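Raw contents of query.cif, mmCIF, C-alpha atoms:
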data_coords
#
loop_
_atom_site.label_atom_id
_atom_site.label_comp_id
_atom_site.auth_asym_id
_atom_site.auth_seq_id
_atom_site.Cartn_x
_atom_site.Cartn_y
_atom_site.Cartn_z
CA MET A 1 0.00 0.00 0.00
CA ASP A 2 1.31 3.49 -0.85
CA VAL A 3 1.19 5.38 2.42
CA TYR A 4 1.84 8.63 0.53
CA ALA A 5 -1.07 8.24 -1.90
CA LYS A 6 -3.23 10.67 0.05
CA PRO A 7 -1.90 14.24 -0.24
CA LEU A 8 -1.06 16.07 2.95
CA CYS A 9 -3.53 18.75 4.05
CA TYR A 10 -1.99 21.83 5.60
CA GLU A 11 -2.52 25.52 6.24
CA LEU A 12 0.16 28.08 5.40
CA LEU A 13 1.25 30.08 8.45
CA ALA A 14 3.94 32.45 7.17
CA GLU A 15 6.29 33.05 4.28
CA VAL A 16 9.84 32.37 5.48
CA GLY A 17 11.90 32.61 2.31
CA GLU A 18 11.79 33.77 -1.28
CA GLY A 19 13.95 33.12 -4.33
CA SER A 20 13.82 33.60 -8.08
CA TYR A 21 11.82 30.41 -8.54
CA GLY A 22 9.25 30.64 -5.79
CA LYS A 23 8.58 30.87 -2.09
CA VAL A 24 9.00 28.87 1.10
CA TYR A 25 6.29 28.78 3.76
CA LYS A 26 6.00 27.55 7.30
CA ALA A 27 2.81 25.51 7.49
CA ARG A 28 0.87 23.31 9.89
CA GLU A 29 -0.68 19.98 9.03
CA THR A 30 -4.46 20.07 9.49
CA GLY A 31 -5.80 17.14 11.47
CA GLY A 32 -3.67 14.32 12.80
CA THR A 33 -0.48 15.41 14.55
CA GLN A 34 -0.71 19.08 13.49
CA ARG A 35 3.04 18.97 12.97
CA LEU A 36 4.89 21.93 11.46
CA LEU A 37 5.84 21.63 7.80
CA ALA A 38 8.03 23.47 5.31
CA VAL A 39 6.20 24.03 2.01
CA LYS A 40 8.27 25.03 -1.02
CA LYS A 41 6.29 26.32 -3.96
CA PHE A 42 8.18 26.68 -7.24
CA ASN A 43 6.75 28.54 -10.19
CA MET A 44 8.02 27.02 -13.43
CA LEU A 45 7.59 29.68 -16.07
CA GLU A 46 8.12 27.40 -19.07
CA ASP A 47 5.16 27.27 -21.42
CA THR A 48 3.94 23.70 -20.92
CA SER A 49 0.66 24.10 -22.85
CA GLU A 50 2.11 22.99 -26.19
CA THR A 51 5.01 20.74 -25.22
CA GLY A 52 3.78 19.23 -21.97
CA ILE A 53 5.87 19.10 -18.81
CA PRO A 54 9.61 19.10 -19.72
CA ALA A 55 11.22 15.67 -19.50
CA PHE A 56 13.91 16.81 -17.06
CA ILE A 57 11.22 17.97 -14.59
CA ILE A 58 9.43 14.63 -14.86
CA ARG A 59 12.76 12.89 -14.11
CA GLU A 60 13.41 15.12 -11.12
CA VAL A 61 9.92 14.75 -9.67
CA ALA A 62 10.33 10.98 -10.06
CA LEU A 63 13.63 11.21 -8.17
CA LEU A 64 12.01 13.32 -5.45
CA ARG A 65 9.17 10.82 -5.13
CA LYS A 66 11.75 8.08 -4.70
CA MET A 67 13.43 10.21 -2.03
CA LYS A 68 10.20 10.19 -0.01
CA TYR A 69 10.85 6.55 0.81
CA PHE A 70 14.34 7.28 2.13
CA ASN A 71 13.97 7.13 5.86
CA HIS A 72 17.45 8.20 6.86
CA PRO A 73 17.96 10.25 10.04
CA ASN A 74 20.41 12.60 8.30
CA ILE A 75 18.25 13.40 5.26
CA VAL A 76 15.40 15.88 5.67
CA LYS A 77 12.11 14.05 5.14
CA LEU A 78 10.24 14.86 1.97
CA LEU A 79 6.61 14.20 2.87
CA ASP A 80 4.81 15.11 -0.35
CA VAL A 81 5.60 16.30 -3.86
CA SER A 82 3.21 17.47 -6.55
CA ALA A 83 3.56 18.97 -10.04
CA VAL A 84 0.35 20.63 -11.25
CA PRO A 85 -0.09 22.46 -14.59
CA VAL A 86 -1.49 25.96 -13.97
CA GLY A 87 -2.34 27.77 -17.18
CA ARG A 88 0.85 27.78 -19.23
CA SER A 89 3.21 27.14 -16.33
CA LEU A 90 3.80 24.41 -13.79
CA ASP A 91 3.46 24.58 -10.04
CA LEU A 92 5.90 22.27 -8.29
CA THR A 93 5.24 21.94 -4.55
CA LEU A 94 7.37 20.11 -2.01
CA VAL A 95 6.25 19.47 1.57
CA LEU A 96 9.04 18.69 4.02
CA GLU A 97 9.49 18.30 7.75
CA TYR A 98 10.03 21.71 9.33
CA ILE A 99 13.33 22.51 10.98
CA ASP A 100 13.82 26.19 11.74
CA GLN A 101 17.62 26.29 12.02
CA ASP A 102 20.32 25.68 9.44
CA LEU A 103 24.02 25.12 10.13
CA SER A 104 24.79 28.74 9.23
CA THR A 105 22.41 29.98 11.97
CA TYR A 106 23.75 27.32 14.36
CA LEU A 107 27.35 28.51 13.81
CA SER A 108 26.36 32.16 14.30
CA LYS A 109 25.35 31.30 17.90
CA VAL A 110 28.61 29.53 18.79
CA PRO A 111 30.68 31.33 21.48
CA ALA A 112 34.06 32.83 20.49
CA SER A 113 35.82 29.93 22.22
CA GLY A 114 34.48 27.72 19.43
CA LEU A 115 32.89 24.31 19.20
CA SER A 116 34.28 21.36 21.13
CA ARG A 117 36.10 18.68 19.13
CA ASP A 118 33.40 16.17 20.11
CA CYS A 119 30.67 18.49 18.83
CA ILE A 120 32.50 19.02 15.51
CA LYS A 121 33.02 15.28 15.21
CA ASP A 122 29.31 14.65 15.82
CA VAL A 123 28.12 17.23 13.26
CA ILE A 124 30.47 16.13 10.48
CA GLN A 125 29.87 12.44 11.16
CA GLN A 126 26.12 12.91 10.74
CA LEU A 127 26.71 14.94 7.56
CA LEU A 128 28.95 12.20 6.12
CA ARG A 129 26.40 9.50 6.99
CA GLY A 130 23.77 11.45 5.07
CA LEU A 131 26.12 11.94 2.11
CA ASP A 132 27.14 8.28 2.09
CA PHE A 133 23.45 7.36 1.97
CA LEU A 134 22.74 9.77 -0.92
CA HIS A 135 25.79 8.62 -2.90
CA THR A 136 24.92 4.95 -2.34
CA ASN A 137 21.54 5.76 -3.89
CA MET A 138 23.21 7.54 -6.84
CA VAL A 139 22.05 11.00 -5.76
CA LEU A 140 24.41 13.98 -5.98
CA HIS A 141 23.66 17.04 -3.94
CA ARG A 142 25.84 19.46 -5.95
CA ASP A 143 25.16 22.47 -3.75
CA LEU A 144 26.07 21.46 -0.21
CA LYS A 145 26.61 24.45 2.10
CA PRO A 146 25.68 25.39 5.69
CA GLN A 147 22.37 26.90 4.51
CA ASN A 148 21.35 23.49 3.08
CA ILE A 149 22.21 21.57 6.25
CA LEU A 150 19.58 21.72 8.97
CA VAL A 151 20.23 21.22 12.69
CA THR A 152 17.36 20.29 15.00
CA SER A 153 17.04 21.45 18.59
CA HIS A 154 18.26 17.96 19.61
CA GLY A 155 21.45 18.30 17.54
CA GLU A 156 20.33 16.08 14.67
CA VAL A 157 21.95 17.08 11.38
CA LYS A 158 19.87 16.73 8.20
CA ILE A 159 20.83 17.40 4.59
CA ALA A 160 18.17 19.41 2.76
CA ASP A 161 17.54 20.45 -0.85
CA PHE A 162 18.94 17.27 -2.37
CA GLY A 163 17.76 16.67 -5.90
CA LEU A 164 16.66 20.28 -6.33
CA ALA A 165 20.17 21.36 -7.30
CA ARG A 166 19.63 19.22 -10.37
CA ILE A 167 16.69 21.39 -11.43
CA TYR A 168 18.08 24.76 -10.43
CA THR A 169 21.49 26.33 -10.12
CA PHE A 170 20.58 27.26 -6.57
CA ASN A 171 17.99 26.32 -4.01
CA ILE A 172 15.56 28.17 -1.80
CA ALA A 173 16.61 27.47 1.76
CA LEU A 174 14.35 28.18 4.73
CA THR A 175 16.09 31.53 4.98
CA PRO A 176 16.72 33.76 1.93
CA ASP A 177 20.28 33.28 0.76
CA VAL A 178 22.62 34.61 -1.90
CA VAL A 179 24.18 32.13 -4.31
CA THR A 180 27.63 31.29 -2.92
CA LEU A 181 30.73 29.82 -4.54
CA TRP A 182 32.50 29.16 -1.26
CA TYR A 183 31.77 25.41 -1.08
CA ARG A 184 32.04 24.68 -4.81
CA ALA A 185 34.59 22.11 -5.99
CA PRO A 186 37.35 23.18 -8.43
CA GLU A 187 36.01 20.95 -11.23
CA VAL A 188 32.66 22.76 -11.03
CA LEU A 189 34.38 26.16 -11.06
CA LEU A 190 36.44 24.97 -14.05
CA HIS A 191 33.26 23.88 -15.89
CA SER A 192 34.55 20.32 -16.07
CA VAL A 193 32.66 17.04 -15.68
CA TYR A 194 31.94 16.09 -12.07
CA MET A 195 30.62 13.28 -9.89
CA SER A 196 29.69 12.62 -6.27
CA SER A 197 33.16 13.78 -5.15
CA VAL A 198 31.91 17.40 -5.52
CA ASP A 199 29.91 16.84 -2.32
CA MET A 200 33.03 15.66 -0.50
CA TRP A 201 34.83 18.89 -1.40
CA SER A 202 31.92 20.81 0.15
CA ALA A 203 32.08 18.58 3.24
CA GLY A 204 35.79 19.40 3.62
CA CYS A 205 35.04 23.13 3.42
CA ILE A 206 32.31 22.72 6.04
CA LEU A 207 34.57 20.68 8.36
CA ALA A 208 37.19 23.45 8.20
CA GLU A 209 34.50 26.05 8.91
CA LEU A 210 33.38 24.15 12.04
CA PHE A 211 36.90 24.69 13.41
CA LEU A 212 37.45 28.21 12.06
CA LEU A 213 33.91 29.57 12.58
CA ARG A 214 34.29 31.28 9.19
CA PRO A 215 34.30 30.00 5.61
CA LEU A 216 37.67 28.63 4.43
CA PHE A 217 37.47 30.07 0.89
CA GLU A 218 35.54 33.33 0.42
CA GLY A 219 35.64 34.27 -3.26
CA TYR A 220 33.10 36.42 -5.04
CA THR A 221 33.79 35.35 -8.64
CA GLU A 222 34.69 31.91 -10.00
CA ILE A 223 38.23 33.10 -10.81
CA GLN A 224 38.74 34.63 -7.36
CA GLN A 225 37.35 31.46 -5.75
CA LEU A 226 39.89 29.30 -7.63
CA GLN A 227 42.72 31.64 -6.58
CA LYS A 228 41.68 31.42 -2.92
CA ILE A 229 41.59 27.60 -3.17
CA PHE A 230 45.09 27.44 -4.72
CA GLU A 231 46.46 29.80 -2.05
CA VAL A 232 45.58 27.12 0.51
CA ILE A 233 45.99 23.75 -1.28
CA GLY A 234 48.72 24.87 -3.69
CA LEU A 235 48.53 25.03 -7.48
CA PRO A 236 48.03 21.56 -9.02
CA SER A 237 50.31 20.36 -11.80
CA GLU A 238 49.25 20.96 -15.40
CA ASP A 239 48.78 17.18 -15.74
CA ASP A 240 46.10 17.29 -13.04
CA TRP A 241 44.20 20.14 -14.73
CA PRO A 242 40.98 18.79 -16.34
CA ASP A 243 41.35 18.38 -20.13
CA ASP A 244 37.74 19.38 -20.78
CA SER A 245 37.92 22.72 -18.93
CA PRO A 246 37.51 25.84 -21.08
CA ILE A 247 39.68 27.66 -18.50
CA LEU A 248 43.37 27.36 -19.35
CA TYR A 249 46.09 26.35 -16.88
CA SER A 250 48.45 29.10 -15.78
CA VAL A 251 51.31 29.18 -13.28
CA GLY A 252 49.99 32.59 -12.24
CA TRP A 253 46.97 30.97 -10.53
CA GLY A 254 48.72 30.49 -7.20
CA PRO A 255 51.74 29.11 -5.32
CA GLN A 256 53.30 25.88 -6.61
CA GLY A 257 53.25 22.71 -4.55
CA SER A 258 50.78 21.34 -2.05
CA CYS A 259 50.46 22.26 1.61
CA THR A 260 51.03 19.49 4.14
CA LYS A 261 49.06 21.35 6.83
CA LEU A 262 45.98 23.21 5.69
CA LEU A 263 45.15 24.69 9.09
CA HIS A 264 48.12 25.26 11.36
CA ASN A 265 46.23 25.18 14.63
CA LEU A 266 44.75 21.70 14.03
CA GLY A 267 46.12 18.28 14.84
CA PRO A 268 47.33 15.74 12.24
CA ASP A 269 44.05 13.78 12.07
CA GLU A 270 41.92 16.87 11.49
CA ASN A 271 44.30 18.21 8.84
CA ASP A 272 44.56 14.83 7.13
CA LEU A 273 40.79 14.42 6.80
CA ILE A 274 40.32 17.98 5.53
CA SER A 275 43.16 17.60 3.02
CA LYS A 276 41.72 14.29 1.76
CA CYS A 277 38.36 16.03 1.21
CA LEU A 278 40.08 18.96 -0.49
CA ALA A 279 42.18 16.97 -2.97
CA PHE A 280 42.20 18.82 -6.32
CA ARG A 281 41.77 15.67 -8.41
CA PRO A 282 38.25 14.28 -7.88
CA SER A 283 39.53 10.70 -8.24
CA CYS A 284 41.93 11.30 -5.32
CA ARG A 285 39.26 12.77 -3.04
CA ILE A 286 38.09 10.60 -0.13
CA SER A 287 34.59 9.07 -0.32
CA ALA A 288 31.99 9.57 2.41
CA ALA A 289 32.24 5.87 3.39
CA LYS A 290 36.04 6.02 3.74
CA ALA A 291 35.86 9.35 5.56
CA LEU A 292 33.60 7.77 8.20
CA ALA A 293 36.38 5.24 8.90
CA HIS A 294 39.05 7.96 9.22
CA PRO A 295 41.14 8.05 12.45
CA PHE A 296 39.60 11.48 13.24
CA PHE A 297 36.41 9.64 14.27
CA MET A 298 38.18 6.79 16.07
CA LYS A 299 39.96 8.72 18.81
CA HIS A 300 38.21 10.05 21.89
#
Using structure tokens, write down the structure that the file contains.
Amino acid sequence: MDVYAKPLCYELLAEVGEGSYGKVYKARETGGTQRLLAVKKFNMLEDTSETGIPAFIIREVALLRKMKYFNHPNIVKLLDVSAVPVGRSLDLTLVLEYIDQDLSTYLSKVPASGLSRDCIKDVIQQLLRGLDFLHTNMVLHRDLKPQNILVTSHGEVKIADFGLARIYTFNIALTPDVVTLWYRAPEVLLHSVYMSSVDMWSAGCILAELFLLRPLFEGYTEIQQLQKIFEVIGLPSEDDWPDDSPILYSVGWGPQGSCTKLLHNLGPDENDLISKCLAFRPSCRISAAKALAHPFFMKH
């Protein structure tokens, strides 16, 4: 029996976010548990009257429907998804569990003394478990950043906005947010082909930020972002530069050679895990499954 066959009934309480493609609302389920919900309404402006719903949207809605059955503690629960033609456009609505705090908000409340090592370990471990689950199910996130990682009042970490990055270049989080390059892997910045390892680059940036309490690479253009990355990890060799990138290799990009210690105030285990996440070559980057077995998580 399909337990999701009956659509959820809810009332909208307040608009909590807005982006180019639609709005996000806080809502309450009517009847039953009266639990709080996050309702994301996207307005697809394509003219679907002649051509029907675009194939890529059908694929993505199918993926999102599949995601409803994922019952993983570190993936935000998608409770309902609907795509309804309205006139010449398409209304795509997602209903998710409501969590009012993202990792960005969580970090803004951390005292100047910083997070404890155990707390950092707990947050990143939950994030990696969620990523490992997505990657095992052949789902890339592509836009992992603190605004897309939710933290419950009990400290549970949940990845949000999976799948949506495949429809849009950016997502509507529960709080309005500017598109950021800070967590984007070099191969994406270089317009090269990419795979699930892009998410591991983002995880490495986020792990560093948990220690630093500020983003590791803060660039405001793709070129500046690449320069900031190479200042820290060193300029890769020309052989490692992706062949399919329209951006040409230049020794002027940054300092030659790789850094053995990315963050000087961290121990060897922390630095090793971050550097394995921030390997320039995607094929050399650690996977989520291997990261979970890293010595950083083994020591107390």
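Excluding segment 122-132 of chain A and any residue on its chain fewer than 2 positions from it, the residues at most 7 Å away by all atoms listed in the file are Asn74, Ile75, Asp118, Cys119, Ile120, Leu134, His135, Thr136, Val157, Ile159, Leu207, Ala288, Ala289 and Leu292 of chain A.
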Identify all residues satisfying the PyMOL selection byres ((chain A and resi 179-196) around 8) in the given file; provide them as a PDB file with C-alpha atoms, in the frame of the given file.
ATOM      1  CA  HIS A 135      25.790   8.620  -2.900  1.00  0.00           C
ATOM      2  CA  VAL A 139      22.050  11.000  -5.760  1.00  0.00           C
ATOM      3  CA  LEU A 140      24.410  13.980  -5.980  1.00  0.00           C
ATOM      4  CA  HIS A 141      23.660  17.040  -3.940  1.00  0.00           C
ATOM      5  CA  ARG A 142      25.840  19.460  -5.950  1.00  0.00           C
ATOM      6  CA  ASP A 143      25.160  22.470  -3.750  1.00  0.00           C
ATOM      7  CA  LEU A 144      26.070  21.460  -0.210  1.00  0.00           C
ATOM      8  CA  LYS A 145      26.610  24.450   2.100  1.00  0.00           C
ATOM      9  CA  PHE A 170      20.580  27.260  -6.570  1.00  0.00           C
ATOM     10  CA  ASP A 177      20.280  33.280   0.760  1.00  0.00           C
ATOM     11  CA  VAL A 178      22.620  34.610  -1.900  1.00  0.00           C
ATOM     12  CA  SER A 197      33.160  13.780  -5.150  1.00  0.00           C
ATOM     13  CA  VAL A 198      31.910  17.400  -5.520  1.00  0.00           C
ATOM     14  CA  ASP A 199      29.910  16.840  -2.320  1.00  0.00           C
ATOM     15  CA  MET A 200      33.030  15.660  -0.500  1.00  0.00           C
ATOM     16  CA  TRP A 201      34.830  18.890  -1.400  1.00  0.00           C
ATOM     17  CA  SER A 202      31.920  20.810   0.150  1.00  0.00           C
ATOM     18  CA  CYS A 205      35.040  23.130   3.420  1.00  0.00           C
ATOM     19  CA  ILE A 206      32.310  22.720   6.040  1.00  0.00           C
ATOM     20  CA  PRO A 215      34.300  30.000   5.610  1.00  0.00           C
ATOM     21  CA  LEU A 216      37.670  28.630   4.430  1.00  0.00           C
ATOM     22  CA  PHE A 217      37.470  30.070   0.890  1.00  0.00           C
ATOM     23  CA  GLU A 218      35.540  33.330   0.420  1.00  0.00           C
ATOM     24  CA  GLY A 219      35.640  34.270  -3.260  1.00  0.00           C
ATOM     25  CA  TYR A 220      33.100  36.420  -5.040  1.00  0.00           C
ATOM     26  CA  THR A 221      33.790  35.350  -8.640  1.00  0.00           C
ATOM     27  CA  GLU A 222      34.690  31.910 -10.000  1.00  0.00           C
ATOM     28  CA  ILE A 223      38.230  33.100 -10.810  1.00  0.00           C
ATOM     29  CA  GLN A 225      37.350  31.460  -5.750  1.00  0.00           C
ATOM     30  CA  LEU A 226      39.890  29.300  -7.630  1.00  0.00           C
ATOM     31  CA  PRO A 242      40.980  18.790 -16.340  1.00  0.00           C
ATOM     32  CA  ASP A 244      37.740  19.380 -20.780  1.00  0.00           C
ATOM     33  CA  SER A 245      37.920  22.720 -18.930  1.00  0.00           C
ATOM     34  CA  PRO A 246      37.510  25.840 -21.080  1.00  0.00           C
ATOM     35  CA  ILE A 247      39.680  27.660 -18.500  1.00  0.00           C
ATOM     36  CA  PHE A 280      42.200  18.820  -6.320  1.00  0.00           C
ATOM     37  CA  PRO A 282      38.250  14.280  -7.880  1.00  0.00           C
TER      38      PRO A 282
END
Residue among A:Pro255, A:Gly204, A:Pro146, A:Gly17 lying closest to Gly234 of chain A, counting only C-alpha atoms: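 With only C-alpha atoms as the atom set, the closest residue is A:Pro255.
If you look at atom CA of Ser104 of chain A and atom CA of Lys26 of chain A, they are 18.9 Å away from each other.
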Protein and nucleic acid residues near (25.6, 24.1, 8.8) (cut-off 7 Å, only C-alpha atoms) as a PyMOL selection string: chain A and resi 102-104+106-107+145-147+149-150
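Remark: for Ser237 of chain A, the closest of the candidate residues A:Ala83, A:Leu273, A:Arg281, A:Gln224 is A:Arg281 (distances computed over only C-alpha atoms).
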Nearest candidate to Ser89 of chain A (options A:Leu63, A:Phe42, A:Ala14, A:Gly254; using all atoms listed in the file):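 Going through A:Leu63, A:Phe42, A:Ala14, A:Gly254 one by one, the smallest distance to Ser89 of chain A is for A:Phe42.
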Could you name the residues that touch Ala27 of chain A at 8 Å or less, counting only C-alpha atoms, but leaving out those on the same chain fewer than 2 positions away, as an mmCIF file with C-alpha atoms, keeping the file's coordinate frame?
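Contents of part-v3.cif, as written:
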data_model
loop_
_atom_site.group_PDB
_atom_site.id
_atom_site.type_symbol
_atom_site.label_atom_id
_atom_site.label_comp_id
_atom_site.auth_asym_id
_atom_site.auth_seq_id
_atom_site.Cartn_x
_atom_site.Cartn_y
_atom_site.Cartn_z
ATOM 1 C CA TYR A 10 -1.990 21.830 5.600
ATOM 2 C CA GLU A 11 -2.520 25.520 6.240
ATOM 3 C CA LEU A 12 0.160 28.080 5.400
ATOM 4 C CA LEU A 13 1.250 30.080 8.450
ATOM 5 C CA ALA A 14 3.940 32.450 7.170
ATOM 6 C CA TYR A 25 6.290 28.780 3.760
ATOM 7 C CA GLU A 29 -0.680 19.980 9.030
ATOM 8 C CA LEU A 36 4.890 21.930 11.460
ATOM 9 C CA LEU A 37 5.840 21.630 7.800
ATOM 10 C CA ALA A 38 8.030 23.470 5.310
ATOM 11 C CA VAL A 39 6.200 24.030 2.010
#
Using all atoms listed in the file: which of A:Ala160, A:Ala62, A:Val81, A:Leu248 has the shortest distance to Tyr98 of chain A: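 Using all atoms listed in the file, the shortest distance to Tyr98 of chain A belongs to A:Ala160.
With distances restricted to only C-alpha atoms, A:Leu278 is the closest residue to Val232 of chain A from A:Lys40, A:Leu278, A:Phe133, A:Asp161.
Proximity of A:Phe211, A:Arg28, A:Lys77, A:Ser275 to Ser116 of chain A, computed with all atoms listed in the file, is greatest for A:Phe211.
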Spatial neighbours of Pro295 of chain A, max dist 12 Å, only C-alpha atoms, sep filter under 2 positions, as a PyMOL selection string: chain A and resi 121+267-273+290-293+297-300
